[in-house]
Amino acid sequence: MQSSTGNSLFDYLAGRKLTMRKIFLCLGIFCLTTSALAQHGDPDLILFNGKIFTSVEARPYVEALAIRGERIVATGDTKTVQAMAGPKTKAIDLHGGTAIPGINDAHHHFDLGPPQVEVDLQTPDPSWAQVKDGIVAAVAKNAPASLISVTIGFKVFADTSIDRDALDRIAPHNPVSLGTFTGHALILNTDGLRFYNIPDNQADPMGGRFERDAKGRLTGTLREYAVLNIERAAADRIPDSAAIVQLRQQLDEEARYGVTSIQG
């Protein structure tokens, strides 16, 4: 979406120190009339020629809206709202596109910890063959001791033959972590267990489990609070400056998807 000056809507909002959530939060409340707008000066920004979701049952979509400061001051059809523009009003043509309020992520997990090599297999549920190929390629490109991280789904996690030993055979000198896309379980190789300081006599935490074979040896599979506890401990190993960078990167990624508020 471009304005008449060539700046994107998001560039404009960043310059105004606004968020999409602030802009749209009171959409159903601050839909004022043209005469009311005229009493308070020109709008700072107009969005027009679009499909703007209001969340108001009686009128779920409008073509245009006007913003002054941090409030929506008018909504309506394109012709009416455009007529409110003053000489300093920014105008953005949505070209029929949809605009929505900022999205709230109601269940977010910040991922803080030591640097890792993330293997992107372009699917949340890869096959074991895909996982192996991805790990082998990552090991070849990165230094020994680099943490290799792969997201897996049910196909791999349900296969009990895929354990620390299977991972050791393809990555004997790198810690490897296979994390389920749900975030509730991990499979680690032997170097991965060492990386997270997990000894073979590690006791199960409340609400979690370190799985073992018939001889009592760790298989490398961790569940629930066993995962959460070791990830918390790993996050404590990084300096605050690195943690701030990681937090900003994750918040920037959320913003790219239109998320403007989160809860943990």
# chains A, B, ... in the order shown; residues from 1 in each chain; ligands from 1
>>> select_by_dssp(residues="segment 22-259 of chain A", states="alpha helix (DSSP H)", output="MDAnalysis selection string")
chainID A and resid 22:25 34:38 78:82 128:141 154:157 164:170 190:195 225:235 240:256
>>> select_by_dssp(residues="segment 3-251 of chain A", states="strand (DSSP E)", output="VMD selection string")
chain A and resid 3 45 to 48 51 to 53 61 to 62 64 to 68 71 to 76 90 to 93 98 to 99 103 to 105 117 to 119 148 to 152 176 to 180 185 to 188 208 to 212 218 to 224
>>> residues_around(residues="segment 135-140 of chain A", least_positions_apart="3", cutoff="12 Å", atoms="only C-alpha atoms", output="VMD selection string")
chain A and resid 116 to 121 128 to 132 143 to 151 166 to 178 189
>>> closest_residue(among="A:Ile72, A:Ala233, A:Leu228, A:Ala106", to="Gln263 of chain A", atoms="only C-alpha atoms")
A:Ala106
>>> atom_distance(atom1="atom CA of Asn142 of chain A", atom2="atom CA of Ala242 of chain A")
20.6 Å
>>> atom_distance(atom1="atom CA of Gly41 of chain A", atom2="atom CA of Gly96 of chain A")
27.3 Å
>>> closest_residue(among="A:His184, A:His108, A:Arg212, A:Lys141", to="Gln250 of chain A", atoms="only C-alpha atoms")
A:His108
>>> residues_around(residues="Glu63 of chain A", least_positions_apart="6", cutoff="8 Å", atoms="only C-alpha atoms", output="list in words")
Phe48, Asn49, Gly50, Lys51, Ile52, Thr75, Gly76, Asp77 and Thr78 of chain A
>>> residues_around(residues="segment 79-89 of chain A", least_positions_apart="4", cutoff="7 Å", atoms="only C-alpha atoms", output="MDAnalysis selection string")
chainID A and resid 42:45 64:66 75
>>> decode(residues="segment 193-209 of chain A", atoms="all heavy atoms", output="PDB file, in the first residue's frame")
ATOM      1  N   LEU A 193      22.422 -33.452  24.525  1.00  0.00           N
ATOM      2  CA  LEU A 193      22.233 -33.629  25.961  1.00  0.00           C
ATOM      3  C   LEU A 193      23.344 -32.924  26.734  1.00  0.00           C
ATOM      4  O   LEU A 193      23.092 -32.270  27.760  1.00  0.00           O
ATOM      5  CB  LEU A 193      22.195 -35.111  26.308  1.00  0.00           C
ATOM      6  CG  LEU A 193      20.977 -35.893  25.786  1.00  0.00           C
ATOM      7  CD1 LEU A 193      21.203 -37.393  25.934  1.00  0.00           C
ATOM      8  CD2 LEU A 193      19.708 -35.472  26.523  1.00  0.00           C
ATOM      9  N   ARG A 194      24.580 -33.034  26.245  1.00  0.00           N
ATOM     10  CA  ARG A 194      25.696 -32.348  26.905  1.00  0.00           C
ATOM     11  C   ARG A 194      25.541 -30.834  26.802  1.00  0.00           C
ATOM     12  O   ARG A 194      25.829 -30.090  27.753  1.00  0.00           O
ATOM     13  CB  ARG A 194      27.018 -32.767  26.268  1.00  0.00           C
ATOM     14  CG  ARG A 194      27.394 -34.225  26.480  1.00  0.00           C
ATOM     15  CD  ARG A 194      28.860 -34.455  26.122  1.00  0.00           C
ATOM     16  NE  ARG A 194      29.193 -35.872  26.109  1.00  0.00           N
ATOM     17  CZ  ARG A 194      29.369 -36.595  25.005  1.00  0.00           C
ATOM     18  NH1 ARG A 194      29.247 -36.013  23.816  1.00  0.00           N
ATOM     19  NH2 ARG A 194      29.676 -37.874  25.088  1.00  0.00           N
ATOM     20  N   PHE A 195      25.103 -30.379  25.627  1.00  0.00           N
ATOM     21  CA  PHE A 195      24.930 -28.932  25.408  1.00  0.00           C
ATOM     22  C   PHE A 195      23.986 -28.343  26.444  1.00  0.00           C
ATOM     23  O   PHE A 195      24.205 -27.233  26.950  1.00  0.00           O
ATOM     24  CB  PHE A 195      24.396 -28.695  23.997  1.00  0.00           C
ATOM     25  CG  PHE A 195      24.202 -27.246  23.643  1.00  0.00           C
ATOM     26  CD1 PHE A 195      25.239 -26.505  23.100  1.00  0.00           C
ATOM     27  CD2 PHE A 195      22.977 -26.624  23.836  1.00  0.00           C
ATOM     28  CE1 PHE A 195      25.057 -25.174  22.767  1.00  0.00           C
ATOM     29  CE2 PHE A 195      22.785 -25.294  23.514  1.00  0.00           C
ATOM     30  CZ  PHE A 195      23.836 -24.570  22.979  1.00  0.00           C
ATOM     31  N   TYR A 196      22.929 -29.075  26.766  1.00  0.00           N
ATOM     32  CA  TYR A 196      21.943 -28.593  27.730  1.00  0.00           C
ATOM     33  C   TYR A 196      22.220 -29.087  29.152  1.00  0.00           C
ATOM     34  O   TYR A 196      21.365 -28.951  30.028  1.00  0.00           O
ATOM     35  CB  TYR A 196      20.545 -29.013  27.292  1.00  0.00           C
ATOM     36  CG  TYR A 196      20.022 -28.219  26.114  1.00  0.00           C
ATOM     37  CD1 TYR A 196      19.899 -28.792  24.857  1.00  0.00           C
ATOM     38  CD2 TYR A 196      19.657 -26.884  26.255  1.00  0.00           C
ATOM     39  CE1 TYR A 196      19.420 -28.067  23.771  1.00  0.00           C
ATOM     40  CE2 TYR A 196      19.177 -26.145  25.190  1.00  0.00           C
ATOM     41  CZ  TYR A 196      19.062 -26.742  23.948  1.00  0.00           C
ATOM     42  OH  TYR A 196      18.596 -26.005  22.879  1.00  0.00           O
ATOM     43  N   ASN A 197      23.423 -29.660  29.369  1.00  0.00           N
ATOM     44  CA  ASN A 197      23.849 -30.092  30.707  1.00  0.00           C
ATOM     45  C   ASN A 197      22.876 -31.091  31.332  1.00  0.00           C
ATOM     46  O   ASN A 197      22.490 -30.965  32.499  1.00  0.00           O
ATOM     47  CB  ASN A 197      24.020 -28.877  31.629  1.00  0.00           C
ATOM     48  CG  ASN A 197      25.069 -27.904  31.134  1.00  0.00           C
ATOM     49  OD1 ASN A 197      26.128 -28.312  30.672  1.00  0.00           O
ATOM     50  ND2 ASN A 197      24.765 -26.618  31.204  1.00  0.00           N
ATOM     51  N   ILE A 198      22.495 -32.093  30.539  1.00  0.00           N
ATOM     52  CA  ILE A 198      21.568 -33.126  31.013  1.00  0.00           C
ATOM     53  C   ILE A 198      22.355 -34.427  31.217  1.00  0.00           C
ATOM     54  O   ILE A 198      22.749 -35.074  30.246  1.00  0.00           O
ATOM     55  CB  ILE A 198      20.427 -33.363  30.005  1.00  0.00           C
ATOM     56  CG1 ILE A 198      19.688 -32.048  29.711  1.00  0.00           C
ATOM     57  CG2 ILE A 198      19.458 -34.420  30.532  1.00  0.00           C
ATOM     58  CD1 ILE A 198      18.731 -32.150  28.542  1.00  0.00           C
ATOM     59  N   PRO A 199      22.601 -34.829  32.454  1.00  0.00           N
ATOM     60  CA  PRO A 199      23.301 -36.094  32.704  1.00  0.00           C
ATOM     61  C   PRO A 199      22.359 -37.282  32.570  1.00  0.00           C
ATOM     62  O   PRO A 199      21.131 -37.121  32.569  1.00  0.00           O
ATOM     63  CB  PRO A 199      23.780 -35.944  34.151  1.00  0.00           C
ATOM     64  CG  PRO A 199      22.744 -35.067  34.786  1.00  0.00           C
ATOM     65  CD  PRO A 199      22.296 -34.114  33.704  1.00  0.00           C
ATOM     66  N   ASP A 200      22.934 -38.492  32.466  1.00  0.00           N
ATOM     67  CA  ASP A 200      22.090 -39.683  32.307  1.00  0.00           C
ATOM     68  C   ASP A 200      21.257 -39.979  33.549  1.00  0.00           C
ATOM     69  O   ASP A 200      20.255 -40.692  33.465  1.00  0.00           O
ATOM     70  CB  ASP A 200      22.948 -40.898  31.950  1.00  0.00           C
ATOM     71  CG  ASP A 200      22.921 -41.184  30.444  1.00  0.00           C
ATOM     72  OD1 ASP A 200      21.853 -40.994  29.825  1.00  0.00           O
ATOM     73  OD2 ASP A 200      23.960 -41.563  29.893  1.00  0.00           O
ATOM     74  N   ASN A 201      21.658 -39.445  34.686  1.00  0.00           N
ATOM     75  CA  ASN A 201      20.870 -39.676  35.901  1.00  0.00           C
ATOM     76  C   ASN A 201      19.928 -38.512  36.205  1.00  0.00           C
ATOM     77  O   ASN A 201      19.457 -38.365  37.336  1.00  0.00           O
ATOM     78  CB  ASN A 201      21.787 -39.916  37.090  1.00  0.00           C
ATOM     79  CG  ASN A 201      22.657 -38.701  37.414  1.00  0.00           C
ATOM     80  OD1 ASN A 201      22.703 -37.737  36.662  1.00  0.00           O
ATOM     81  ND2 ASN A 201      23.367 -38.778  38.540  1.00  0.00           N
ATOM     82  N   GLN A 202      19.650 -37.689  35.202  1.00  0.00           N
ATOM     83  CA  GLN A 202      18.768 -36.535  35.378  1.00  0.00           C
ATOM     84  C   GLN A 202      17.375 -36.979  35.823  1.00  0.00           C
ATOM     85  O   GLN A 202      16.740 -37.829  35.192  1.00  0.00           O
ATOM     86  CB  GLN A 202      18.642 -35.754  34.065  1.00  0.00           C
ATOM     87  CG  GLN A 202      17.697 -34.567  34.119  1.00  0.00           C
ATOM     88  CD  GLN A 202      18.250 -33.444  34.961  1.00  0.00           C
ATOM     89  OE1 GLN A 202      19.376 -32.997  34.750  1.00  0.00           O
ATOM     90  NE2 GLN A 202      17.473 -32.979  35.921  1.00  0.00           N
ATOM     91  N   ALA A 203      16.907 -36.409  36.914  1.00  0.00           N
ATOM     92  CA  ALA A 203      15.574 -36.750  37.423  1.00  0.00           C
ATOM     93  C   ALA A 203      14.501 -36.033  36.609  1.00  0.00           C
ATOM     94  O   ALA A 203      14.725 -34.942  36.072  1.00  0.00           O
ATOM     95  CB  ALA A 203      15.449 -36.366  38.888  1.00  0.00           C
ATOM     96  N   ASP A 204      13.331 -36.650  36.505  1.00  0.00           N
ATOM     97  CA  ASP A 204      12.211 -36.009  35.817  1.00  0.00           C
ATOM     98  C   ASP A 204      11.696 -34.838  36.642  1.00  0.00           C
ATOM     99  O   ASP A 204      11.530 -34.951  37.859  1.00  0.00           O
ATOM    100  CB  ASP A 204      11.064 -37.002  35.607  1.00  0.00           C
ATOM    101  CG  ASP A 204      11.384 -38.066  34.582  1.00  0.00           C
ATOM    102  OD1 ASP A 204      12.329 -37.864  33.798  1.00  0.00           O
ATOM    103  OD2 ASP A 204      10.686 -39.103  34.584  1.00  0.00           O
ATOM    104  N   PRO A 205      11.406 -33.702  35.990  1.00  0.00           N
ATOM    105  CA  PRO A 205      10.809 -32.578  36.716  1.00  0.00           C
ATOM    106  C   PRO A 205       9.304 -32.785  36.874  1.00  0.00           C
ATOM    107  O   PRO A 205       8.709 -33.619  36.180  1.00  0.00           O
ATOM    108  CB  PRO A 205      11.097 -31.395  35.801  1.00  0.00           C
ATOM    109  CG  PRO A 205      11.037 -31.993  34.427  1.00  0.00           C
ATOM    110  CD  PRO A 205      11.603 -33.376  34.563  1.00  0.00           C
ATOM    111  N   MET A 206       8.703 -32.040  37.771  1.00  0.00           N
ATOM    112  CA  MET A 206       7.248 -32.076  37.876  1.00  0.00           C
ATOM    113  C   MET A 206       6.638 -31.591  36.561  1.00  0.00           C
ATOM    114  O   MET A 206       7.008 -30.542  36.039  1.00  0.00           O
ATOM    115  CB  MET A 206       6.772 -31.184  39.025  1.00  0.00           C
ATOM    116  CG  MET A 206       5.261 -31.205  39.238  1.00  0.00           C
ATOM    117  SD  MET A 206       4.734 -30.164  40.633  1.00  0.00           S
ATOM    118  CE  MET A 206       5.479 -31.053  42.002  1.00  0.00           C
ATOM    119  N   GLY A 207       5.731 -32.371  36.001  1.00  0.00           N
ATOM    120  CA  GLY A 207       5.076 -31.984  34.757  1.00  0.00           C
ATOM    121  C   GLY A 207       5.889 -32.260  33.513  1.00  0.00           C
ATOM    122  O   GLY A 207       5.546 -31.770  32.435  1.00  0.00           O
ATOM    123  N   GLY A 208       6.969 -33.047  33.620  1.00  0.00           N
ATOM    124  CA  GLY A 208       7.786 -33.338  32.454  1.00  0.00           C
ATOM    125  C   GLY A 208       8.451 -34.698  32.569  1.00  0.00           C
ATOM    126  O   GLY A 208       8.353 -35.375  33.595  1.00  0.00           O
ATOM    127  N   ARG A 209       9.149 -35.087  31.492  1.00  0.00           N
ATOM    128  CA  ARG A 209       9.759 -36.418  31.498  1.00  0.00           C
ATOM    129  C   ARG A 209      10.963 -36.476  30.563  1.00  0.00           C
ATOM    130  O   ARG A 209      10.937 -35.938  29.458  1.00  0.00           O
ATOM    131  CB  ARG A 209       8.728 -37.465  31.073  1.00  0.00           C
ATOM    132  CG  ARG A 209       9.223 -38.898  31.150  1.00  0.00           C
ATOM    133  CD  ARG A 209       8.094 -39.908  31.013  1.00  0.00           C
ATOM    134  NE  ARG A 209       7.658 -40.118  29.645  1.00  0.00           N
ATOM    135  CZ  ARG A 209       6.488 -39.735  29.161  1.00  0.00           C
ATOM    136  NH1 ARG A 209       5.622 -39.108  29.941  1.00  0.00           N
ATOM    137  NH2 ARG A 209       6.154 -39.982  27.911  1.00  0.00           N
TER     138      ARG A 209
END
